[in-house]
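Shown next: my_file-v3.pdb, given as PDB, C-alpha atoms.
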MODEL        1
ATOM      1  CA  MET Q  50     -67.778 -73.635 111.237
ATOM      2  CA  VAL Q  51     -70.741 -71.393 111.917
ATOM      3  CA  THR Q  52     -71.214 -68.527 109.436
ATOM      4  CA  ILE Q  53     -73.148 -65.321 109.897
ATOM      5  CA  ILE Q  54     -74.834 -65.920 106.531
ATOM      6  CA  PRO Q  55     -77.568 -68.558 106.718
ATOM      7  CA  LEU Q  56     -76.985 -71.397 104.265
ATOM      8  CA  PRO Q  57     -78.231 -72.500 101.862
ATOM      9  CA  LEU Q  58     -79.065 -69.144 100.274
ATOM     10  CA  LYS Q  59     -82.438 -68.503  98.759
ATOM     11  CA  THR Q  60     -82.564 -68.691  94.971
ATOM     12  CA  ASP Q  61     -83.470 -65.005  94.579
ATOM     13  CA  THR Q  62     -80.650 -63.944  96.894
ATOM     14  CA  LEU Q  63     -78.123 -66.158  95.119
ATOM     15  CA  GLU Q  64     -79.055 -64.822  91.671
ATOM     16  CA  PHE Q  65     -78.813 -61.246  92.957
ATOM     17  CA  LEU Q  66     -75.337 -61.844  94.391
ATOM     18  CA  LEU Q  67     -74.184 -63.493  91.157
ATOM     19  CA  ASP Q  68     -75.285 -60.479  89.102
ATOM     20  CA  GLN Q  69     -73.554 -58.117  91.506
ATOM     21  CA  ALA Q  70     -70.340 -60.160  91.397
ATOM     22  CA  LYS Q  71     -70.350 -60.218  87.579
ATOM     23  CA  ASP Q  72     -70.878 -56.459  87.378
ATOM     24  CA  PHE Q  73     -68.066 -55.852  89.858
ATOM     25  CA  ALA Q  74     -65.690 -58.115  87.921
ATOM     26  CA  ILE Q  75     -66.486 -56.487  84.576
ATOM     27  CA  THR Q  76     -66.192 -52.890  85.804
ATOM     28  CA  HIS Q  77     -62.880 -53.654  87.516
ATOM     29  CA  GLY Q  78     -61.313 -55.377  84.541
ATOM     30  CA  ILE Q  79     -61.295 -58.847  86.084
ATOM     31  CA  THR Q  80     -63.264 -60.559  83.351
ATOM     32  CA  SER Q  81     -65.203 -59.851  80.188
ATOM     33  CA  CYS Q  82     -68.914 -60.171  79.642
ATOM     34  CA  ASN Q  83     -70.045 -63.170  77.597
ATOM     35  CA  THR Q  84     -73.712 -63.000  76.709
ATOM     36  CA  ASN Q  85     -75.718 -65.827  75.215
ATOM     37  CA  ASP Q  86     -78.644 -63.686  74.113
ATOM     38  CA  GLN Q  87     -80.232 -65.051  70.973
ATOM     39  CA  PRO Q  88     -80.900 -62.641  68.090
ATOM     40  CA  GLN Q  89     -84.531 -61.988  67.314
ATOM     41  CA  VAL Q  90     -86.136 -60.770  64.108
ATOM     42  CA  ALA Q  91     -87.787 -57.395  64.687
ATOM     43  CA  SER Q  92     -91.140 -56.745  63.064
ATOM     44  CA  HIS Q  93     -90.894 -54.486  60.024
ATOM     45  CA  MET Q  94     -92.573 -53.592  56.768
ATOM     46  CA  LEU Q  95     -91.211 -52.886  53.301
ATOM     47  CA  LEU Q  96     -93.515 -49.943  52.559
ATOM     48  CA  PRO Q  97     -91.853 -46.513  53.014
ATOM     49  CA  SER Q  98     -93.029 -44.593  56.035
ATOM     50  CA  PRO Q  99     -92.553 -40.843  56.673
ATOM     51  CA  ILE Q 100     -92.661 -41.517  60.407
ATOM     52  CA  ILE Q 101     -89.654 -43.837  60.256
ATOM     53  CA  ARG Q 102     -87.819 -41.343  58.047
ATOM     54  CA  LYS Q 103     -88.467 -38.574  60.559
ATOM     55  CA  ARG Q 104     -87.323 -40.695  63.488
ATOM     56  CA  PHE Q 105     -84.189 -41.677  61.575
ATOM     57  CA  ALA Q 106     -83.405 -38.014  60.881
ATOM     58  CA  GLU Q 107     -83.868 -37.246  64.578
ATOM     59  CA  ALA Q 108     -81.556 -40.114  65.502
ATOM     60  CA  VAL Q 109     -78.904 -38.765  63.131
ATOM     61  CA  GLU Q 110     -79.084 -35.333  64.772
ATOM     62  CA  VAL Q 111     -78.816 -36.876  68.234
ATOM     63  CA  THR Q 112     -75.809 -38.896  67.064
ATOM     64  CA  LYS Q 113     -74.091 -35.704  65.916
ATOM     65  CA  ASP Q 114     -74.699 -34.130  69.327
ATOM     66  CA  PHE Q 115     -73.316 -37.200  71.106
ATOM     67  CA  ASN Q 116     -70.255 -37.253  68.840
ATOM     68  CA  GLU Q 117     -69.587 -33.605  69.599
ATOM     69  CA  LEU Q 118     -70.051 -34.262  73.321
ATOM     70  CA  TYR Q 119     -67.670 -37.242  73.258
ATOM     71  CA  HIS Q 120     -65.140 -35.183  71.316
ATOM     72  CA  LYS Q 121     -65.224 -32.328  73.819
ATOM     73  CA  VAL Q 122     -64.992 -34.653  76.833
ATOM     74  CA  ALA Q 123     -62.207 -36.792  75.355
ATOM     75  CA  HIS Q 124     -60.083 -33.729  74.575
ATOM     76  CA  ASP Q 125     -60.716 -31.848  77.829
ATOM     77  CA  TYR Q 126     -57.881 -33.062  80.033
ATOM     78  CA  ASN Q 127     -58.779 -30.910  83.041
ATOM     79  CA  PHE Q 128     -62.418 -32.031  82.972
ATOM     80  CA  LEU Q 129     -61.477 -35.722  82.800
ATOM     81  CA  ARG Q 130     -58.925 -35.374  85.584
ATOM     82  CA  ASP Q 131     -61.398 -33.653  87.916
ATOM     83  CA  ALA Q 132     -64.275 -36.002  87.032
ATOM     84  CA  LEU Q 133     -62.194 -39.133  87.676
ATOM     85  CA  LYS Q 134     -60.283 -37.806  90.672
ATOM     86  CA  SER Q 135     -62.184 -39.793  93.306
ATOM     87  CA  VAL Q 136     -62.284 -42.933  91.149
ATOM     88  CA  LEU Q 137     -58.538 -42.857  90.494
ATOM     89  CA  ALA Q 138     -57.895 -42.735  94.218
ATOM     90  CA  VAL Q 139     -59.609 -46.075  94.912
ATOM     91  CA  ASP Q 140     -59.758 -48.014  91.626
ATOM     92  CA  SER Q 141     -56.464 -49.446  90.366
ATOM     93  CA  PHE Q 142     -57.892 -50.558  86.999
ATOM     94  CA  THR Q 143     -59.106 -47.076  86.064
ATOM     95  CA  LYS Q 144     -55.852 -45.660  87.428
ATOM     96  CA  GLY Q 145     -53.923 -47.893  85.040
ATOM     97  CA  LEU Q 146     -55.965 -46.681  82.071
ATOM     98  CA  TRP Q 147     -55.430 -43.093  83.154
ATOM     99  CA  ASN Q 148     -51.669 -43.636  83.339
ATOM    100  CA  ILE Q 149     -51.717 -44.898  79.737
ATOM    101  CA  TYR Q 150     -53.756 -41.859  78.697
ATOM    102  CA  GLU Q 151     -51.299 -39.472  80.339
ATOM    103  CA  THR Q 152     -48.309 -41.256  78.785
ATOM    104  CA  VAL Q 153     -49.773 -40.931  75.295
ATOM    105  CA  ARG Q 154     -50.748 -37.318  75.960
ATOM    106  CA  ASN Q 155     -47.289 -36.365  77.184
ATOM    107  CA  GLU Q 156     -45.169 -38.325  74.716
ATOM    108  CA  GLY Q 157     -47.402 -38.163  71.651
ATOM    109  CA  ILE Q 158     -47.631 -40.772  68.913
ATOM    110  CA  ALA Q 159     -44.496 -42.514  67.691
ATOM    111  CA  GLN Q 160     -45.343 -42.203  63.998
ATOM    112  CA  CYS Q 161     -47.523 -39.736  62.140
ATOM    113  CA  ILE Q 162     -50.248 -41.781  60.440
ATOM    114  CA  TYR Q 163     -52.671 -38.979  59.585
ATOM    115  CA  CYS Q 164     -52.764 -35.800  57.577
ATOM    116  CA  ILE Q 165     -55.233 -32.923  57.405
ATOM    117  CA  ALA Q 166     -56.338 -31.489  54.084
ATOM    118  CA  ILE Q 167     -58.282 -28.416  53.013
ATOM    119  CA  LEU Q 168     -58.616 -27.719  49.296
ATOM    120  CA  GLY Q 169     -55.045 -27.878  47.978
ATOM    121  CA  ASN Q 170     -53.217 -27.491  51.285
ATOM    122  CA  ASN Q 171     -52.078 -30.457  53.353
ATOM    123  CA  PHE Q 172     -50.753 -30.520  56.906
ATOM    124  CA  PHE Q 173     -48.489 -33.269  58.222
ATOM    125  CA  GLY Q 174     -46.694 -34.154  61.447
ATOM    126  CA  ASP Q 175     -46.198 -31.329  63.927
ATOM    127  CA  ASP Q 176     -48.004 -28.942  61.574
ATOM    128  CA  ILE Q 177     -51.261 -30.713  62.493
ATOM    129  CA  LYS Q 178     -50.742 -29.975  66.189
ATOM    130  CA  GLU Q 179     -49.935 -26.327  65.493
ATOM    131  CA  LEU Q 180     -52.962 -25.959  63.224
ATOM    132  CA  LEU Q 181     -55.448 -27.503  65.661
ATOM    133  CA  SER Q 182     -54.048 -25.477  68.561
ATOM    134  CA  LYS Q 183     -54.938 -22.315  66.630
ATOM    135  CA  ILE Q 184     -58.414 -23.503  65.615
ATOM    136  CA  LYS Q 185     -60.668 -23.818  68.651
ATOM    137  CA  ASP Q 186     -64.000 -23.335  66.905
ATOM    138  CA  LEU Q 187     -65.592 -26.654  65.873
ATOM    139  CA  ASN Q 188     -67.387 -25.079  62.910
ATOM    140  CA  GLU Q 189     -64.086 -23.892  61.482
ATOM    141  CA  ARG Q 190     -62.557 -27.330  62.004
ATOM    142  CA  THR Q 191     -65.274 -28.909  59.858
ATOM    143  CA  GLN Q 192     -63.619 -27.308  56.814
ATOM    144  CA  TYR Q 193     -60.726 -29.742  57.175
ATOM    145  CA  ILE Q 194     -60.660 -33.448  56.369
ATOM    146  CA  LEU Q 195     -58.689 -35.912  58.517
ATOM    147  CA  MET Q 196     -57.231 -38.677  56.355
ATOM    148  CA  GLU Q 197     -54.952 -41.631  56.922
ATOM    149  CA  ARG Q 198     -51.558 -40.872  55.465
ATOM    150  CA  ILE Q 199     -50.612 -43.176  52.606
ATOM    151  CA  ARG Q 200     -47.082 -44.539  52.551
ATOM    152  CA  PRO Q 201     -46.354 -45.089  48.830
ATOM    153  CA  LEU Q 202     -43.684 -47.361  47.387
ATOM    154  CA  VAL Q 203     -40.215 -45.781  47.497
ATOM    155  CA  PHE Q 204     -38.043 -46.167  44.398
ATOM    156  CA  LYS Q 205     -34.803 -44.782  43.003
ATOM    157  CA  ASN Q 206     -34.919 -42.257  40.181
ATOM    158  CA  TYR Q 207     -32.987 -39.322  38.796
ATOM    159  CA  ALA Q 208     -34.315 -35.888  39.684
ATOM    160  CA  VAL Q 209     -33.656 -33.094  37.211
ATOM    161  CA  TRP Q 210     -34.026 -29.471  38.313
ATOM    162  CA  ALA Q 211     -33.153 -26.246  36.561
ATOM    163  CA  ASP Q 212     -29.637 -24.999  37.316
ATOM    164  CA  LYS Q 213     -28.908 -28.095  39.433
ATOM    165  CA  SER Q 214     -26.897 -31.235  38.885
ATOM    166  CA  VAL Q 215     -28.717 -34.476  38.144
ATOM    167  CA  GLU Q 216     -29.073 -36.459  41.360
ATOM    168  CA  LEU Q 217     -30.173 -40.014  42.139
ATOM    169  CA  CYS Q 218     -32.837 -39.739  44.855
ATOM    170  CA  ASP Q 219     -35.434 -41.743  46.714
ATOM    171  CA  MET Q 220     -38.746 -40.896  45.058
ATOM    172  CA  VAL Q 221     -42.466 -41.495  45.618
ATOM    173  CA  SER Q 222     -45.440 -40.987  43.326
ATOM    174  CA  GLU Q 223     -48.973 -39.779  43.999
ATOM    175  CA  LEU Q 224     -51.875 -40.899  41.825
ATOM    176  CA  GLY Q 225     -54.911 -38.633  41.577
ATOM    177  CA  ILE Q 226     -58.172 -39.785  39.988
ATOM    178  CA  TYR Q 227     -60.464 -37.084  38.630
ATOM    179  CA  GLY Q 228     -64.199 -37.563  38.390
ATOM    180  CA  VAL Q 229     -67.354 -35.699  37.521
ATOM    181  CA  ILE Q 230     -70.726 -35.859  39.235
ATOM    182  CA  ILE Q 231     -73.824 -34.084  37.944
ATOM    183  CA  GLY Q 232     -77.244 -34.350  39.506
ATOM    184  CA  THR Q 233     -80.055 -32.851  41.471
ATOM    185  CA  ALA Q 234     -81.067 -33.259  45.080
ATOM    186  CA  ASP Q 235     -82.942 -36.456  44.222
ATOM    187  CA  HIS Q 236     -81.279 -37.879  41.121
ATOM    188  CA  ILE Q 237     -77.709 -38.529  39.933
ATOM    189  CA  ILE Q 238     -77.384 -37.830  36.198
ATOM    190  CA  MET Q 239     -73.689 -38.635  35.763
ATOM    191  CA  ASN Q 240     -71.049 -40.022  38.104
ATOM    192  CA  LYS Q 241     -67.885 -41.315  36.430
ATOM    193  CA  GLU Q 242     -64.107 -41.001  36.412
ATOM    194  CA  CYS Q 243     -62.671 -38.880  33.622
ATOM    195  CA  GLY Q 244     -58.918 -38.855  34.014
ATOM    196  CA  HIS Q 245     -55.840 -39.238  36.183
ATOM    197  CA  LEU Q 246     -52.666 -37.434  37.170
ATOM    198  CA  VAL Q 247     -49.396 -38.802  38.537
ATOM    199  CA  ARG Q 248     -47.045 -36.537  40.461
ATOM    200  CA  THR Q 249     -43.575 -37.710  41.480
ATOM    201  CA  LYS Q 250     -41.528 -36.034  44.201
ATOM    202  CA  THR Q 251     -38.548 -36.718  46.419
ATOM    203  CA  LEU Q 252     -39.059 -38.726  49.582
ATOM    204  CA  GLY Q 253     -39.688 -36.442  52.567
ATOM    205  CA  THR Q 254     -41.448 -33.724  50.580
ATOM    206  CA  ASN Q 255     -44.895 -33.301  52.116
ATOM    207  CA  GLU Q 256     -46.435 -31.115  49.448
ATOM    208  CA  GLY Q 257     -46.974 -32.369  45.917
ATOM    209  CA  GLY Q 258     -47.897 -29.188  44.056
ATOM    210  CA  LEU Q 259     -46.729 -28.831  40.465
ATOM    211  CA  SER Q 260     -47.012 -25.046  40.288
ATOM    212  CA  LYS Q 261     -44.663 -24.569  43.247
ATOM    213  CA  GLU Q 262     -42.205 -27.140  41.874
ATOM    214  CA  PHE Q 263     -42.588 -29.547  44.783
ATOM    215  CA  ALA Q 264     -43.302 -32.366  42.329
ATOM    216  CA  SER Q 265     -43.001 -33.246  38.655
ATOM    217  CA  LEU Q 266     -45.683 -34.405  36.252
ATOM    218  CA  ASP Q 267     -45.374 -38.127  35.619
ATOM    219  CA  SER Q 268     -47.222 -40.975  33.946
ATOM    220  CA  PRO Q 269     -47.910 -44.594  34.970
ATOM    221  CA  TYR Q 270     -47.151 -45.634  31.383
ATOM    222  CA  LEU Q 271     -43.550 -44.411  31.416
ATOM    223  CA  VAL Q 272     -40.942 -47.106  31.945
TER     224      VAL Q 272
ENDMDL
END
For the file at hand, write its structure as structure tokens.
Amino acid sequence: MVTIIPLPLKTDTLEFLLDQAKDFAITHGITSCNTNDQPQVASHMLLPSPIIRKRFAEAVEVTKDFNELYHKVAHDYNFLRDALKSVLAVDSFTKGLWNIYETVRNEGIAQCIYCIAILGNNFFGDDIKELLSKIKDLNERTQYILMERIRPLVFKNYAVWADKSVELCDMVSELGIYGVIIGTADHIIMNKECGHLVRTKTLGTNEGGLSKEFASLDSPYLV
């Protein structure tokens, strides 16, 4: 059978086609890239250098800008939809990823695994969504800390409240470790733990404040 492509192919042409085929397969989700590049030891010196320190500081600032850019792009649904519109029309692999993204966006997560904290106030579950929908400014959002929600051991215990009957409830405990750190901009003088506090509350109570009677003061030494 006569082909329109002269065979055998030249070595340069064959290598070019192989690279193109690999790139096409990787970008369309057909295969994964497996590189055999060998690690090499980069030249370095142990003496401190102000130039390296400056470049590192610049790299940190650039990283912050990239993180902010990624955050804005990842959370801008309209921008992503318009930017990928032509790709989604012809690429089934990207279309599949987009369908997953839309499903998660529309249905939300199945279980709340995070909480947001600022000073003594914590936000859980749907309260996180309501809070972030009100805070659009990134500088204001930096006041909050996103943490993975801890699922403590659940145990049975009797809860005693004023003017209420004693009740056997499912309880959880929170352990807080207190520390002290004293130092200057260049030197740490003291950094040590100095105490602990255990608060026990009923299962399902998000807040653990003692002053508002959400929880009771407890001790790990009580049996």
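The two atoms in question, CA of Val247 (chain Q) and CA of Ile177 (chain Q), are spaced 25.4 Å apart.
Evaluating the PyMOL selection byres ((chain Q and resi 268) around 8) against the shown model yields Q:Leu246, Q:Val247, Q:Arg248, Q:Leu266, Q:Asp267, Q:Pro269, Q:Tyr270, Q:Leu271.
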For this session: Grab the CA of Leu146 (chain Q) to CA of Arg130 (chain Q) distance for me, in Å with one decimal place.
Result: 12.2 Å
Seminar exercise, completed: Pairwise distance, CA of Arg198 (chain Q) with CA of Asn148 (chain Q), equals 28.0 Å
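The smallest atom-to-atom distance between Tyr163 (chain Q) and any of Q:Lys183, Q:Lys144, Q:Arg190, Q:Arg200, using all atoms listed in the file, is found for Q:Arg200.
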Exercise. For the file shown, what are the residues hit by the PyMOL selection byres ((chain Q and resi 251) around 9), laid out as a count of residues only?
Worked result: 13
Problem set entry | Residues returned when the PyMOL selection byres ((chain Q and resi 173) around 8) runs on this file, as a PyMOL selection string | chain Q and resi 161+163-165+171-172+174-177+255
Exercise. Which neighbours of region 235-245 of chain Q fall inside 9 Å, counting all atoms listed in the file, when residues of the same chain fewer than 3 positions from it are skipped, and could you give them as a PyMOL selection string?
Worked result: chain Q and resi 224-232
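Nearest-residue note for Tyr126 (chain Q): choosing from Q:Arg154, Q:Lys213, Q:Lys59, Q:Arg102, the minimum distance belongs to Q:Arg154, counting only C-alpha atoms.
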Would you compute an axis-aligned box for region 141-155 of chain Q, covering every atom listed for it in the file with 6 Å of margin on each side, and report centre and edge lengths in Å to one decimal as lines of an AutoDock Vina configuration file?
center_x = -53.2
center_y = -43.5
center_z = 82.8
size_x = 23.8
size_y = 26.2
size_z = 27.1
